[in-house]
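Novice: Input file: structure-v1.tsv. Contents: TSV, C-alpha atoms and all ligand atoms.
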chain	number	residue	atom	x	y	z
P	1	MET	CA	39.64	-119.34	-44.77
P	2	SER	CA	37.80	-117.81	-47.71
P	3	ILE	CA	37.86	-114.09	-48.52
P	4	ALA	CA	34.23	-113.87	-47.42
P	5	GLU	CA	34.97	-115.49	-44.05
P	6	ASN	CA	37.93	-113.19	-43.54
P	7	VAL	CA	35.88	-110.08	-44.32
P	8	LEU	CA	33.23	-111.17	-41.83
P	9	ARG	CA	35.84	-111.77	-39.13
P	10	VAL	CA	37.55	-108.43	-39.73
P	11	LYS	CA	34.23	-106.59	-39.72
P	12	LYS	CA	33.32	-108.21	-36.42
P	13	ASN	CA	36.65	-107.14	-34.91
P	14	ILE	CA	36.11	-103.62	-36.27
P	15	ALA	CA	32.68	-103.46	-34.66
P	16	LEU	CA	34.04	-104.55	-31.28
P	17	ALA	CA	36.93	-102.06	-31.43
P	18	ALA	CA	34.55	-99.26	-32.47
P	19	GLU	CA	32.37	-100.04	-29.49
P	20	ARG	CA	35.38	-99.99	-27.18
P	21	SER	CA	36.11	-96.49	-28.46
P	22	GLY	CA	32.54	-95.35	-27.90
P	23	ARG	CA	31.51	-95.34	-31.53
P	24	ALA	CA	29.01	-97.19	-33.68
P	25	PRO	CA	30.47	-99.94	-35.90
P	26	SER	CA	29.16	-98.08	-38.96
P	27	GLU	CA	31.45	-95.13	-38.17
P	28	VAL	CA	34.54	-97.15	-39.12
P	29	LEU	CA	35.09	-98.04	-42.78
P	30	LEU	CA	36.91	-101.13	-43.97
P	31	CYS	CA	39.19	-100.45	-46.92
P	32	ALA	CA	40.40	-103.65	-48.58
P	33	ALA	CA	44.04	-103.18	-49.60
P	34	THR	CA	43.73	-105.03	-52.90
P	35	LYS	CA	47.30	-104.96	-54.20
P	36	MET	CA	48.40	-108.11	-56.00
P	37	ASN	CA	44.87	-109.52	-55.95
P	38	ASP	CA	43.14	-109.92	-59.30
P	39	ALA	CA	39.72	-108.63	-60.34
P	40	ASP	CA	37.87	-111.79	-59.29
P	41	ARG	CA	39.32	-111.70	-55.79
P	42	VAL	CA	38.52	-107.99	-55.54
P	43	ARG	CA	34.91	-108.75	-56.55
P	44	GLU	CA	34.74	-111.44	-53.87
P	45	ALA	CA	35.79	-108.94	-51.22
P	46	ILE	CA	33.22	-106.41	-52.44
P	47	ALA	CA	30.49	-109.05	-52.40
P	48	ALA	CA	31.50	-109.93	-48.83
P	49	GLY	CA	30.92	-106.35	-47.74
P	50	VAL	CA	34.10	-104.28	-47.68
P	51	ASP	CA	33.31	-100.56	-47.75
P	52	ILE	CA	36.18	-99.39	-49.96
P	53	CYS	CA	38.78	-100.83	-52.33
P	54	GLY	CA	42.23	-99.32	-51.83
P	55	GLU	CA	44.79	-99.73	-54.58
P	56	ASN	CA	48.39	-98.71	-54.20
P	57	ARG	CA	49.89	-99.10	-57.63
P	58	VAL	CA	48.68	-96.93	-60.50
P	59	GLN	CA	49.11	-99.62	-63.14
P	60	GLU	CA	47.16	-102.20	-61.15
P	61	LEU	CA	44.43	-99.67	-60.52
P	62	CYS	CA	44.11	-98.90	-64.23
P	63	GLU	CA	44.11	-102.57	-65.26
P	64	LYS	CA	41.49	-103.66	-62.74
P	65	ASN	CA	39.39	-100.56	-63.27
P	66	ALA	CA	39.33	-101.28	-67.02
P	67	VAL	CA	37.67	-104.64	-66.38
P	68	GLY	CA	35.19	-103.23	-63.87
P	69	ALA	CA	36.73	-104.90	-60.81
P	70	TYR	CA	35.58	-102.18	-58.41
P	71	GLU	CA	31.97	-102.00	-59.55
P	72	GLY	CA	29.64	-101.21	-56.68
P	73	CYS	CA	32.43	-100.07	-54.35
P	74	PRO	CA	34.24	-96.76	-53.85
P	75	LEU	CA	37.84	-96.84	-55.07
P	76	HIS	CA	40.63	-95.14	-53.12
P	77	PHE	CA	44.30	-94.72	-53.94
P	78	ILE	CA	46.48	-95.59	-50.92
P	79	GLY	CA	50.01	-96.00	-52.29
P	80	HIS	CA	52.87	-93.65	-53.04
P	81	LEU	CA	51.81	-91.46	-55.98
P	82	GLN	CA	54.43	-90.24	-58.43
P	83	LYS	CA	53.75	-86.80	-59.84
P	84	ASN	CA	53.85	-88.03	-63.44
P	85	LYS	CA	51.05	-90.51	-62.73
P	86	VAL	CA	48.62	-88.08	-61.12
P	87	LYS	CA	46.45	-87.91	-64.22
P	88	PHE	CA	45.57	-91.62	-64.00
P	89	VAL	CA	44.27	-91.32	-60.47
P	90	VAL	CA	42.56	-87.91	-60.25
P	91	GLY	CA	38.86	-88.29	-60.96
P	92	THR	CA	39.14	-92.10	-60.85
P	93	ALA	CA	39.88	-92.53	-57.15
P	94	ALA	CA	37.24	-91.02	-54.87
P	95	LEU	CA	39.93	-90.34	-52.27
P	96	ILE	CA	43.73	-90.22	-52.51
P	97	HIS	CA	45.12	-91.19	-49.07
P	98	SER	CA	48.76	-90.63	-49.73
P	99	VAL	CA	49.48	-86.98	-50.51
P	100	ASP	CA	52.95	-86.47	-49.09
P	101	SER	CA	54.10	-83.10	-50.44
P	102	VAL	CA	52.74	-79.66	-51.27
P	103	GLU	CA	54.04	-80.16	-54.83
P	104	LEU	CA	52.00	-83.34	-55.26
P	105	ALA	CA	48.89	-81.57	-53.95
P	106	GLU	CA	49.54	-78.80	-56.47
P	107	LYS	CA	49.75	-81.32	-59.34
P	108	ILE	CA	46.52	-82.97	-58.18
P	109	ASP	CA	44.87	-79.55	-57.97
P	110	ALA	CA	45.88	-78.76	-61.56
P	111	ALA	CA	44.65	-82.13	-62.87
P	112	ALA	CA	41.34	-81.77	-61.02
P	113	LYS	CA	40.88	-78.25	-62.34
P	114	LYS	CA	41.35	-79.54	-65.87
P	115	LEU	CA	38.58	-82.09	-65.32
P	116	GLY	CA	36.34	-79.51	-63.65
P	117	ILE	CA	36.17	-81.54	-60.44
P	118	ARG	CA	37.30	-81.28	-56.85
P	119	GLN	CA	39.55	-84.12	-55.75
P	120	ASP	CA	39.31	-85.37	-52.17
P	121	ILE	CA	42.68	-86.14	-50.59
P	122	LEU	CA	44.23	-87.09	-47.26
P	123	LEU	CA	47.59	-85.83	-46.07
P	124	GLU	CA	50.03	-88.62	-45.28
P	125	VAL	CA	51.98	-88.13	-42.08
P	126	ASN	CA	55.33	-89.78	-41.41
P	127	ILE	CA	54.33	-90.20	-37.80
P	128	GLY	CA	57.43	-92.20	-36.84
P	129	ASN	CA	59.76	-89.64	-38.46
P	130	GLU	CA	61.31	-92.48	-40.42
P	131	GLU	CA	64.08	-91.71	-42.89
P	132	ALA	CA	62.88	-94.11	-45.59
P	133	LYS	CA	59.16	-93.32	-45.38
P	134	SER	CA	57.19	-90.72	-47.28
P	135	GLY	CA	54.74	-88.33	-45.67
P	136	PHE	CA	54.86	-84.96	-43.97
P	137	ALA	CA	56.88	-84.80	-40.77
P	138	PRO	CA	54.47	-84.07	-37.90
P	139	GLY	CA	56.21	-80.74	-37.32
P	140	GLU	CA	55.72	-79.55	-40.90
P	141	LEU	CA	52.12	-80.69	-41.27
P	142	LEU	CA	50.34	-77.51	-40.16
P	143	CYS	CA	52.38	-75.30	-42.45
P	144	ALA	CA	51.81	-77.67	-45.40
P	145	ALA	CA	48.09	-77.86	-44.70
P	146	GLU	CA	47.88	-74.08	-44.71
P	147	LYS	CA	49.55	-73.96	-48.15
P	148	ILE	CA	47.34	-76.72	-49.55
P	149	SER	CA	44.22	-74.94	-48.26
P	150	HIS	CA	44.74	-72.39	-51.04
P	151	PHE	CA	44.34	-75.01	-53.78
P	152	SER	CA	40.68	-74.70	-54.72
P	153	SER	CA	40.32	-77.96	-56.67
P	154	VAL	CA	41.49	-80.25	-53.91
P	155	GLN	CA	39.68	-80.80	-50.68
P	156	VAL	CA	41.61	-82.21	-47.73
P	157	ARG	CA	39.36	-84.69	-45.95
P	158	GLY	CA	41.72	-85.93	-43.26
P	159	LEU	CA	45.00	-87.67	-42.46
P	160	MET	CA	46.64	-91.00	-43.19
P	161	ALA	CA	49.63	-92.74	-41.61
P	162	ILE	CA	51.67	-95.91	-41.80
P	163	PRO	CA	53.48	-96.13	-38.44
P	164	PRO	CA	56.80	-97.95	-38.03
P	165	ILE	CA	56.79	-101.72	-38.23
P	166	CYS	CA	56.53	-102.88	-34.63
P	167	ALA	CA	56.64	-106.22	-32.93
P	168	SER	CA	53.25	-105.69	-31.34
P	169	PRO	CA	50.26	-103.43	-32.02
P	170	GLU	CA	50.60	-101.93	-28.53
P	171	GLU	CA	53.89	-100.35	-29.59
P	172	ASN	CA	52.03	-98.40	-32.26
P	173	ARG	CA	49.38	-97.06	-29.92
P	174	PRO	CA	51.32	-93.84	-29.13
P	175	TYR	CA	51.69	-93.13	-32.88
P	176	PHE	CA	47.99	-93.60	-33.44
P	177	ALA	CA	47.24	-91.31	-30.48
P	178	GLN	CA	49.58	-88.65	-31.91
P	179	MET	CA	47.77	-88.89	-35.24
P	180	LYS	CA	44.43	-88.33	-33.52
P	181	GLN	CA	45.83	-85.24	-31.82
P	182	LEU	CA	47.11	-83.82	-35.16
P	183	PHE	CA	43.69	-84.57	-36.65
P	184	ILE	CA	42.05	-82.52	-33.88
P	185	ASP	CA	44.60	-79.70	-34.05
P	186	ILE	CA	44.26	-79.23	-37.82
P	187	GLY	CA	40.48	-79.45	-37.66
P	188	ALA	CA	40.48	-76.65	-35.09
P	189	LYS	CA	42.29	-74.32	-37.54
P	190	LYS	CA	39.22	-74.20	-39.79
P	191	TYR	CA	41.28	-73.67	-42.95
P	192	ASP	CA	39.43	-73.34	-46.26
P	193	ASN	CA	39.08	-76.63	-48.13
P	194	ILE	CA	40.22	-78.65	-45.13
P	195	HIS	CA	37.81	-80.82	-43.19
P	196	MET	CA	39.05	-83.49	-40.85
P	197	ASP	CA	36.53	-86.22	-41.70
P	198	PHE	CA	38.74	-89.26	-42.18
P	199	LEU	CA	41.59	-90.67	-40.13
P	200	SER	CA	43.06	-93.54	-42.16
P	201	MET	CA	45.36	-95.72	-40.08
P	202	GLY	CA	45.69	-99.33	-39.02
P	203	MET	CA	46.50	-102.39	-41.16
P	204	SER	CA	46.09	-106.14	-40.65
P	205	ALA	CA	48.40	-106.33	-37.64
P	206	ASP	CA	47.11	-103.32	-35.73
P	207	TYR	CA	43.75	-102.10	-37.03
P	208	GLU	CA	41.95	-102.75	-33.76
P	209	THR	CA	44.44	-100.61	-31.82
P	210	ALA	CA	44.14	-97.89	-34.48
P	211	ILE	CA	40.36	-97.87	-34.10
P	212	GLU	CA	40.62	-97.67	-30.31
P	213	GLU	CA	42.74	-94.52	-30.86
P	214	GLY	CA	40.31	-92.95	-33.32
P	215	ALA	CA	40.83	-94.36	-36.83
P	216	ASN	CA	37.71	-94.32	-38.98
P	217	ILE	CA	39.23	-95.94	-42.07
P	218	VAL	CA	41.37	-99.05	-41.66
P	219	ARG	CA	43.29	-100.53	-44.60
P	220	VAL	CA	43.44	-104.31	-44.43
P	221	GLY	CA	45.14	-106.54	-47.01
P	222	THR	CA	46.59	-109.73	-45.55
P	223	GLY	CA	43.73	-110.10	-43.06
P	224	ILE	CA	41.29	-110.32	-45.99
P	225	PHE	CA	43.25	-111.89	-48.85
P	226	GLY	CA	45.93	-113.86	-47.02
P	227	ALA	CA	49.67	-113.38	-47.37
P	228	ARG	CA	50.92	-111.79	-50.58
P	229	ASP	CA	53.40	-113.80	-52.61
P	230	TYR	CA	56.09	-111.30	-53.57
P	231	GLY	CA	58.21	-114.11	-54.98
P	232	THR	CA	56.22	-114.73	-58.12
P	233	LYS	CA	55.20	-111.20	-59.15
P	301	LIG	C1	49.32	-103.16	-48.41
P	301	LIG	C2	48.87	-101.96	-47.69
P	301	LIG	C3	48.03	-102.06	-46.57
P	301	LIG	C4	47.59	-103.37	-45.98
P	301	LIG	O1	48.63	-104.09	-45.45
P	301	LIG	P1	48.37	-105.47	-44.68
P	301	LIG	O2	49.42	-105.53	-43.65
P	301	LIG	O3	48.47	-106.55	-45.70
P	301	LIG	O4	47.01	-105.39	-44.09
P	301	LIG	C5	47.62	-100.88	-45.97
P	301	LIG	N1	48.00	-99.68	-46.42
P	301	LIG	C6	48.80	-99.53	-47.49
P	301	LIG	C7	49.18	-98.18	-47.94
P	301	LIG	C8	49.25	-100.67	-48.15
P	301	LIG	O5	50.06	-100.54	-49.21
Now that the file is in, can you turn its structure into structure tokens?
Ligand SMILES: *Cc1c(COP(=O)(O)O)cnc(C)c1O
Specialist:
Amino acid sequence: MSIAENVLRVKKNIALAAERSGRAPSEVLLCAATKMNDADRVREAIAAGVDICGENRVQELCEKNAVGAYEGCPLHFIGHLQKNKVKFVVGTAALIHSVDSVELAEKIDAAAKKLGIRQDILLEVNIGNEEAKSGFAPGELLCAAEKISHFSSVQVRGLMAIPPICASPEENRPYFAQMKQLFIDIGAKKYDNIHMDFLSMGMSADYETAIEEGANIVRVGTGIFGARDYGTK
């Protein structure tokens, strides 16, 4: 299957899942998780109609951005962001999905202020309360959001999650439903600088379930580009 065929298939599945959840297909955005795919393959995905490119390593983002790989497509940062690399991403990525601490938000705020911009971010939630995973614990999210609402050069646009690896997408449905509830609860607080516009959850194995539970950005890598070869890179 070519990248173009894969994108078409994924978009069709997205449309069907959106309809099952009572929404228009256009309300759900397809973010291509482009890690380990070179500029030409990224361009192929853009030409085939993905809505967003999501990069999760700063160095890869910089290299591909330098050769214009993302031209014509919004670029998001979806990976773990180290505080010392914030300056490479702020102002370059339209949305940073993976803000997992108040300190990181503060660094992003400072970098955005320096550039005279407002940086859109999502708060990453460790919805499975997993030891090894980054993200705010569900129980600390409200308090963190309140603190981040005071940073005037970041704007929180929603939430992101990577649920535990499960044997079947059905097992993740409760996590996706919990995320939707947090999304509603935080939105209801009407904090300054916080608008719950985007709920980023669902990957190749479970994006349809995520959409049924309310996701409006899904991040798909393998389903578009095929399996990644970690052995050679
Ligand atoms: C790689 C990646 C994805 C996509 O994973 P697939 O299972 O290949 O679809 C989604 N989100 C993040 C943060 C990723 O790093």
Novice: Compute the set of protein, DNA and RNA residues whose minimum atom distance to ligand LIG 301 (chain P) is at most 9 Å, using all atoms listed in the file, and state it as a PyMOL selection string.
Specialist: chain P and resi 31-35+54-57+77-80+97-98+160-162+200-207+218-228
Novice: Any idea what's packed within 10 Å of Lys114 (chain P), counting all atoms listed in the file, ignoring anything in its chain fewer than 6 positions away? Could you give it as a PDB file with C-alpha atoms, keeping the file's coordinate frame?
Specialist:
ATOM      1  CA  LYS P  87      46.450 -87.910 -64.220  1.00  0.00           C
ATOM      2  CA  ILE P 108      46.520 -82.970 -58.180  1.00  0.00           C
ATOM      3  CA  SER P 153      40.320 -77.960 -56.670  1.00  0.00           C
TER       4      SER P 153
END
Novice: Nearest to Glu124 (chain P) among P:Glu140, P:Glu146, P:Asp100, P:Glu19, with distances taken over only C-alpha atoms: which residue is it?
Specialist: P:Asp100
Novice: Could you check how far CA of Ala45 (chain P) sits from CA of Leu8 (chain P), in Å to one decimal?
Specialist: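 The value is 10.0 Å.
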Novice: Using all atoms listed in the file, which of P:Leu16, P:Ser26, P:Ile165, P:Leu182 sits nearest Gly139 (chain P)?
Specialist: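 With all atoms listed in the file as the atom set, the closest residue is P:Leu182.
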Novice: May I ask for the distance between CA of Lys190 (chain P) and CA of Asp109 (chain P), given in Å to one decimal place?
Specialist: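 Interatomic distance here is 19.8 Å.
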Novice: Counting only C-alpha atoms, which residue out of P:Leu81, P:Leu122, P:Val90, P:Ile186 sits closest to Cys143 (chain P)?
Specialist: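 Among the listed residues, the smallest separation from Cys143 (chain P) belongs to P:Ile186.
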Novice: What separation in Å, quoted to one decimal, exists between CA of Thr92 (chain P) and CA of Asn193 (chain P)?
Specialist: 20.0 Å
Novice: Point out the residue among P:Ala177, P:Val156, P:Met1, P:Ala39 with the least atom-to-atom distance to Arg118 (chain P), counting all atoms listed in the file.
Specialist: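 Result for the nearest residue to Arg118 (chain P): P:Val156.
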Novice: Write out as a list in words each polymer residue whose atoms come within 10 Å of Ile46 (chain P), counting all atoms listed in the file; drop sequence neighbours fewer than 5 positions from it.
Specialist: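 Final neighbour list, sorted by chain and number: Ile3, Ala4, Val7, Ala32, Asp40, Arg41, Asp51, Ile52, Cys53, Ala69, Tyr70, Glu71, Gly72, Cys73 and Pro74 of chain P.
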Novice: Env of Asp192 (chain P): 9 Å cut, atoms = all atoms listed in the file, seq-sep filter 6 positions within chain, self excluded. Answer as a list in words.
Specialist: Glu146, Ser149, His150, Ser152 and Gln155 of chain P
